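The structure under discussion appears below in the form of structure tokens.
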Amino acid sequence: MTRDAREADRLPPPRPRRAGRFVPRYPRRYGRFALRLASLAAALGAWQLLTGLDVDLWLRFSQFPTVADVARAFADRLSGPDYWTDLGDSLTRILTGFLLAAVLGVATGVLVARSRLAEDLLGPLVEVIRPIPAIALVPVAILLLPSDEQGIVFITFTAAFFPVLVSTRHAVRALTPVWEEAVRTMGAGRLRILGSVVLPGALPGIFGGLSVGLGVSWICVISAEMISGQYGVGYRTWQDYTIVNYPGVFVGMVTIGVLGWITSTAVEILGRRLTRWLPRTSYVPGARAPRRISVAPTAVPAAPATEKEVPHDQLV
């Protein structure tokens, strides 16, 4: 590498041009964090402005509580023991049902994708039950299970089971057959192929199903708590609605949103850690862009000049 190329490599990359003007580069890590806070603050400010001025332009913001009312209700709820009891009950239900769905959904998805017998036995049953909304199974859970607590866990499990199963089945079937054939030629058995090829190759699809299943589980567990639960964030939110305590309703909504965001982020981080070996061809939140390396073009040496052959009959 020449001296000019080394000096050019130390300089920051030039900003890209588009239509004769500079396109600003995306801000760095702290700039992105500030941008996210600014978007959240702008949304809260618009909420406070519309509700504080009682704006009624088709949407009746005068019926909404203000941000200050919700903040005061949230502070009062945090100081009492009921909020933390509801939080613990909801987290226990969601984690129990989701973990059961993750284990059984992945196992069933791999079994259906790898075995024709399992597909013939379980496939029709899965396709018949899968379109039924999990919240519609609340009467079945009440009649089948001895307690409401077990019924809510059953609803949560059902909500997450089918997305995990379907995504695992499609991910396993989409694997390249060359990988399995290569491992089989080296003498690997079924368990070795399952552990070294099938499960690692299907991990991106599996975690996609886990993210979807977790979101559906939160929807269904809150609905189940509203219908037949005792304690829990959904139960408390419904109670606030029945007594016309709208700031308390919004406290429950904010709590559900924050809990869903935390659990989804945890699943996403776990998925990135377990699939670290995969090439990152698209945008990954929090990942650093690869360093741009400029290589100076090297001159191609010219071919040595050779004497032109002259026929013997033209020699003097």
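Ordering of the structure tokens sets the chain letters (A, B, ...); residue numbers start at 1 within each chain; ligands are numbered from 1 in the order shown.
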Selection near range 222-233 of chain A, 9 Å with only C-alpha atoms, sequence-local residues under 2 positions removed, as a VMD selection string
chain A and resid 82 to 83 85 to 91 135 138 142 148 to 149 151 to 152 155 to 156 217 to 220 235 to 239 252 to 253 255 to 256
For range 60-63 of chain A, work out the shell of residues within 10 Å, counting only C-alpha atoms and skipping chain neighbours fewer than 3 positions away, then give it as number ranges by chain.
A: 47-57, 66, 246
With N, CA, C and O atoms retained, could you export that selection as a PDB file, in the first residue's frame?
```pdb
ATOM      1  N   TRP A  47     -49.725  14.819  23.326  1.00  0.00           N
ATOM      2  CA  TRP A  47     -50.813  14.282  24.152  1.00  0.00           C
ATOM      3  C   TRP A  47     -51.232  15.312  25.204  1.00  0.00           C
ATOM      4  O   TRP A  47     -52.431  15.575  25.395  1.00  0.00           O
ATOM      5  N   GLN A  48     -50.265  15.882  25.901  1.00  0.00           N
ATOM      6  CA  GLN A  48     -50.587  16.862  26.940  1.00  0.00           C
ATOM      7  C   GLN A  48     -51.247  18.097  26.351  1.00  0.00           C
ATOM      8  O   GLN A  48     -52.202  18.652  26.926  1.00  0.00           O
ATOM      9  N   LEU A  49     -50.788  18.523  25.196  1.00  0.00           N
ATOM     10  CA  LEU A  49     -51.348  19.730  24.575  1.00  0.00           C
ATOM     11  C   LEU A  49     -52.790  19.501  24.125  1.00  0.00           C
ATOM     12  O   LEU A  49     -53.677  20.340  24.378  1.00  0.00           O
ATOM     13  N   LEU A  50     -53.051  18.378  23.483  1.00  0.00           N
ATOM     14  CA  LEU A  50     -54.396  18.123  22.968  1.00  0.00           C
ATOM     15  C   LEU A  50     -55.395  17.892  24.093  1.00  0.00           C
ATOM     16  O   LEU A  50     -56.538  18.360  24.030  1.00  0.00           O
ATOM     17  N   THR A  51     -54.978  17.170  25.134  1.00  0.00           N
ATOM     18  CA  THR A  51     -55.904  16.913  26.245  1.00  0.00           C
ATOM     19  C   THR A  51     -56.043  18.125  27.160  1.00  0.00           C
ATOM     20  O   THR A  51     -57.113  18.359  27.728  1.00  0.00           O
ATOM     21  N   GLY A  52     -54.961  18.904  27.325  1.00  0.00           N
ATOM     22  CA  GLY A  52     -55.041  20.087  28.173  1.00  0.00           C
ATOM     23  C   GLY A  52     -55.918  21.177  27.587  1.00  0.00           C
ATOM     24  O   GLY A  52     -56.594  21.905  28.323  1.00  0.00           O
ATOM     25  N   LEU A  53     -55.949  21.274  26.248  1.00  0.00           N
ATOM     26  CA  LEU A  53     -56.780  22.276  25.576  1.00  0.00           C
ATOM     27  C   LEU A  53     -58.168  21.757  25.226  1.00  0.00           C
ATOM     28  O   LEU A  53     -58.963  22.509  24.617  1.00  0.00           O
ATOM     29  N   ASP A  54     -58.471  20.505  25.583  1.00  0.00           N
ATOM     30  CA  ASP A  54     -59.789  19.900  25.302  1.00  0.00           C
ATOM     31  C   ASP A  54     -60.149  19.999  23.817  1.00  0.00           C
ATOM     32  O   ASP A  54     -61.232  20.468  23.437  1.00  0.00           O
ATOM     33  N   VAL A  55     -59.211  19.569  22.980  1.00  0.00           N
ATOM     34  CA  VAL A  55     -59.414  19.636  21.538  1.00  0.00           C
ATOM     35  C   VAL A  55     -60.405  18.558  21.122  1.00  0.00           C
ATOM     36  O   VAL A  55     -60.255  17.386  21.473  1.00  0.00           O
ATOM     37  N   ASP A  56     -61.444  18.938  20.371  1.00  0.00           N
ATOM     38  CA  ASP A  56     -62.447  18.012  19.856  1.00  0.00           C
ATOM     39  C   ASP A  56     -62.596  18.235  18.354  1.00  0.00           C
ATOM     40  O   ASP A  56     -63.487  18.936  17.896  1.00  0.00           O
ATOM     41  N   LEU A  57     -61.673  17.652  17.607  1.00  0.00           N
ATOM     42  CA  LEU A  57     -61.727  17.696  16.149  1.00  0.00           C
ATOM     43  C   LEU A  57     -61.929  16.266  15.663  1.00  0.00           C
ATOM     44  O   LEU A  57     -60.978  15.575  15.310  1.00  0.00           O
ATOM     45  N   THR A  66     -55.046  13.770  31.005  1.00  0.00           N
ATOM     46  CA  THR A  66     -53.802  14.388  30.581  1.00  0.00           C
ATOM     47  C   THR A  66     -52.605  13.546  31.033  1.00  0.00           C
ATOM     48  O   THR A  66     -52.737  12.618  31.838  1.00  0.00           O
ATOM     49  N   TYR A 246     -60.191   6.542  34.557  1.00  0.00           N
ATOM     50  CA  TYR A 246     -59.457   6.502  33.296  1.00  0.00           C
ATOM     51  C   TYR A 246     -57.952   6.695  33.461  1.00  0.00           C
ATOM     52  O   TYR A 246     -57.180   6.077  32.714  1.00  0.00           O
TER      53      TYR A 246
END
```
Can you check which parts of range 162-193 of chain A lie within 10 Å of range 202-216 of chain A? Per residue, the shortest pair of atoms and distance in Å to one decimal, counting only C-alpha atoms, sorted by chain and number, as CSV.
```
residue,atom,partner,partner_atom,distance
A:Phe162,CA,A:Gly213,CA,7.7
A:Pro163,CA,A:Gly209,CA,5.3
A:Val164,CA,A:Gly209,CA,4.5
A:Leu165,CA,A:Gly209,CA,7.7
A:Val166,CA,A:Gly209,CA,7.6
A:Ser167,CA,A:Gly209,CA,5.1
A:Thr168,CA,A:Ile206,CA,5.0
A:Arg169,CA,A:Ile206,CA,8.7
A:His170,CA,A:Gly205,CA,7.7
A:Ala171,CA,A:Ala202,CA,5.0
A:Val172,CA,A:Ala202,CA,5.5
A:Arg173,CA,A:Ala202,CA,8.8
A:Ala174,CA,A:Ala202,CA,8.2
A:Leu175,CA,A:Ala202,CA,7.2
```
Take the residues that were just selected and, keeping N, CA and C atoms, output them as a PDB file, in the first residue's frame.
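Writing the result to selection_0.pdb gives the following:
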```pdb
ATOM      1  N   PHE A 162     -48.584 -22.002  18.778  1.00  0.00           N
ATOM      2  CA  PHE A 162     -48.751 -22.182  17.340  1.00  0.00           C
ATOM      3  C   PHE A 162     -47.816 -21.284  16.509  1.00  0.00           C
ATOM      4  N   PRO A 163     -47.593 -20.004  16.871  1.00  0.00           N
ATOM      5  CA  PRO A 163     -46.579 -19.251  16.113  1.00  0.00           C
ATOM      6  C   PRO A 163     -45.186 -19.866  16.176  1.00  0.00           C
ATOM      7  N   VAL A 164     -44.808 -20.376  17.350  1.00  0.00           N
ATOM      8  CA  VAL A 164     -43.494 -21.007  17.474  1.00  0.00           C
ATOM      9  C   VAL A 164     -43.433 -22.279  16.642  1.00  0.00           C
ATOM     10  N   LEU A 165     -44.483 -23.092  16.685  1.00  0.00           N
ATOM     11  CA  LEU A 165     -44.512 -24.343  15.926  1.00  0.00           C
ATOM     12  C   LEU A 165     -44.415 -24.085  14.424  1.00  0.00           C
ATOM     13  N   VAL A 166     -45.230 -23.172  13.922  1.00  0.00           N
ATOM     14  CA  VAL A 166     -45.264 -22.922  12.480  1.00  0.00           C
ATOM     15  C   VAL A 166     -43.939 -22.336  11.999  1.00  0.00           C
ATOM     16  N   SER A 167     -43.373 -21.384  12.718  1.00  0.00           N
ATOM     17  CA  SER A 167     -42.102 -20.794  12.301  1.00  0.00           C
ATOM     18  C   SER A 167     -40.973 -21.819  12.352  1.00  0.00           C
ATOM     19  N   THR A 168     -40.974 -22.687  13.364  1.00  0.00           N
ATOM     20  CA  THR A 168     -39.950 -23.730  13.434  1.00  0.00           C
ATOM     21  C   THR A 168     -40.092 -24.710  12.285  1.00  0.00           C
ATOM     22  N   ARG A 169     -41.302 -25.089  11.975  1.00  0.00           N
ATOM     23  CA  ARG A 169     -41.527 -26.027  10.866  1.00  0.00           C
ATOM     24  C   ARG A 169     -41.032 -25.450   9.540  1.00  0.00           C
ATOM     25  N   HIS A 170     -41.357 -24.202   9.267  1.00  0.00           N
ATOM     26  CA  HIS A 170     -40.909 -23.586   8.013  1.00  0.00           C
ATOM     27  C   HIS A 170     -39.393 -23.391   7.999  1.00  0.00           C
ATOM     28  N   ALA A 171     -38.801 -23.046   9.145  1.00  0.00           N
ATOM     29  CA  ALA A 171     -37.356 -22.829   9.188  1.00  0.00           C
ATOM     30  C   ALA A 171     -36.596 -24.132   8.955  1.00  0.00           C
ATOM     31  N   VAL A 172     -37.075 -25.222   9.516  1.00  0.00           N
ATOM     32  CA  VAL A 172     -36.408 -26.518   9.322  1.00  0.00           C
ATOM     33  C   VAL A 172     -36.544 -26.980   7.874  1.00  0.00           C
ATOM     34  N   ARG A 173     -37.706 -26.805   7.296  1.00  0.00           N
ATOM     35  CA  ARG A 173     -37.908 -27.232   5.903  1.00  0.00           C
ATOM     36  C   ARG A 173     -37.131 -26.376   4.905  1.00  0.00           C
ATOM     37  N   ALA A 174     -36.773 -25.165   5.297  1.00  0.00           N
ATOM     38  CA  ALA A 174     -36.044 -24.276   4.392  1.00  0.00           C
ATOM     39  C   ALA A 174     -34.540 -24.475   4.431  1.00  0.00           C
ATOM     40  N   LEU A 175     -34.047 -25.397   5.247  1.00  0.00           N
ATOM     41  CA  LEU A 175     -32.608 -25.622   5.335  1.00  0.00           C
ATOM     42  C   LEU A 175     -32.074 -26.220   4.039  1.00  0.00           C
TER      43      LEU A 175
END
```
Enumerate, as an MDAnalysis selection string, the complete set of residues in range 57-245 of chain A that a backbone-based DSSP assignment places in helix (DSSP H, G or I).
chainID A and resid 61:63 67:78 81:114 116:129 134:144 148:173 177:185 190:228 233:242
I'd like the contact shell of range 123-125 of chain A - 12 Å cut-off, only C-alpha atoms, skipping same-chain residues fewer than 6 positions apart - returned as a list in words.
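Final neighbour list, sorted by chain and number: Thr108, Gly109, Leu111, Val112, Ala113, Ser115, Arg116, Leu117, Pro131, Ile132, Phe162, Leu165, Val166 and Arg169 of chain A.
Our summary of the geometry notes that CA of Thr92 in chain A is positioned 18.0 Å from CA of Ala141 in chain A.
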If you run DSSP on the backbone here, which positions in range 50-190 of chain A get strand (DSSP E)? Please write them as number ranges by chain.
A: 56-57, 59-60
Save out the residues we just selected, C-alpha atoms, as an mmCIF file, in the first residue's frame.
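Wrote out.cif, looks like this:
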```cif
data_model
loop_
_atom_site.group_PDB
_atom_site.id
_atom_site.type_symbol
_atom_site.label_atom_id
_atom_site.label_comp_id
_atom_site.auth_asym_id
_atom_site.auth_seq_id
_atom_site.Cartn_x
_atom_site.Cartn_y
_atom_site.Cartn_z
ATOM 1 C CA ASP A 56 -62.447 18.012 19.856
ATOM 2 C CA LEU A 57 -61.727 17.696 16.149
ATOM 3 C CA LEU A 59 -61.329 12.767 17.930
ATOM 4 C CA ARG A 60 -62.548 13.669 21.418
#
```
Show which residues sit within 12 Å of Arg72 in chain A, as a list in words. Count only C-alpha atoms, and ignore same-chain residues fewer than 4 positions away.
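Everything that qualifies: Pro65, Thr66, Val67, Ala68, Asp76, Arg77, Leu78, Ser79, Pro247, Gly248, Phe250 and Val251 of chain A.
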Could those selected residues go to a file with C-alpha atoms, as a short mmCIF file (atom, residue, chain, number, x, y, z; two decimals), in the first residue's frame?
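Saved result, again_27.cif, follows:
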```cif
data_model
loop_
_atom_site.label_atom_id
_atom_site.label_comp_id
_atom_site.auth_asym_id
_atom_site.auth_seq_id
_atom_site.Cartn_x
_atom_site.Cartn_y
_atom_site.Cartn_z
CA PRO A 65 -56.83 12.17 30.91
CA THR A 66 -53.80 14.39 30.58
CA VAL A 67 -50.22 13.21 30.92
CA ALA A 68 -50.03 14.88 34.33
CA ASP A 76 -49.86 6.68 43.59
CA ARG A 77 -50.01 3.14 42.19
CA LEU A 78 -46.28 2.62 42.63
CA SER A 79 -46.47 3.54 46.31
CA PRO A 247 -56.01 7.56 34.59
CA GLY A 248 -55.75 4.10 36.19
CA PHE A 250 -53.82 4.36 31.17
CA VAL A 251 -51.47 3.28 33.96
#
```
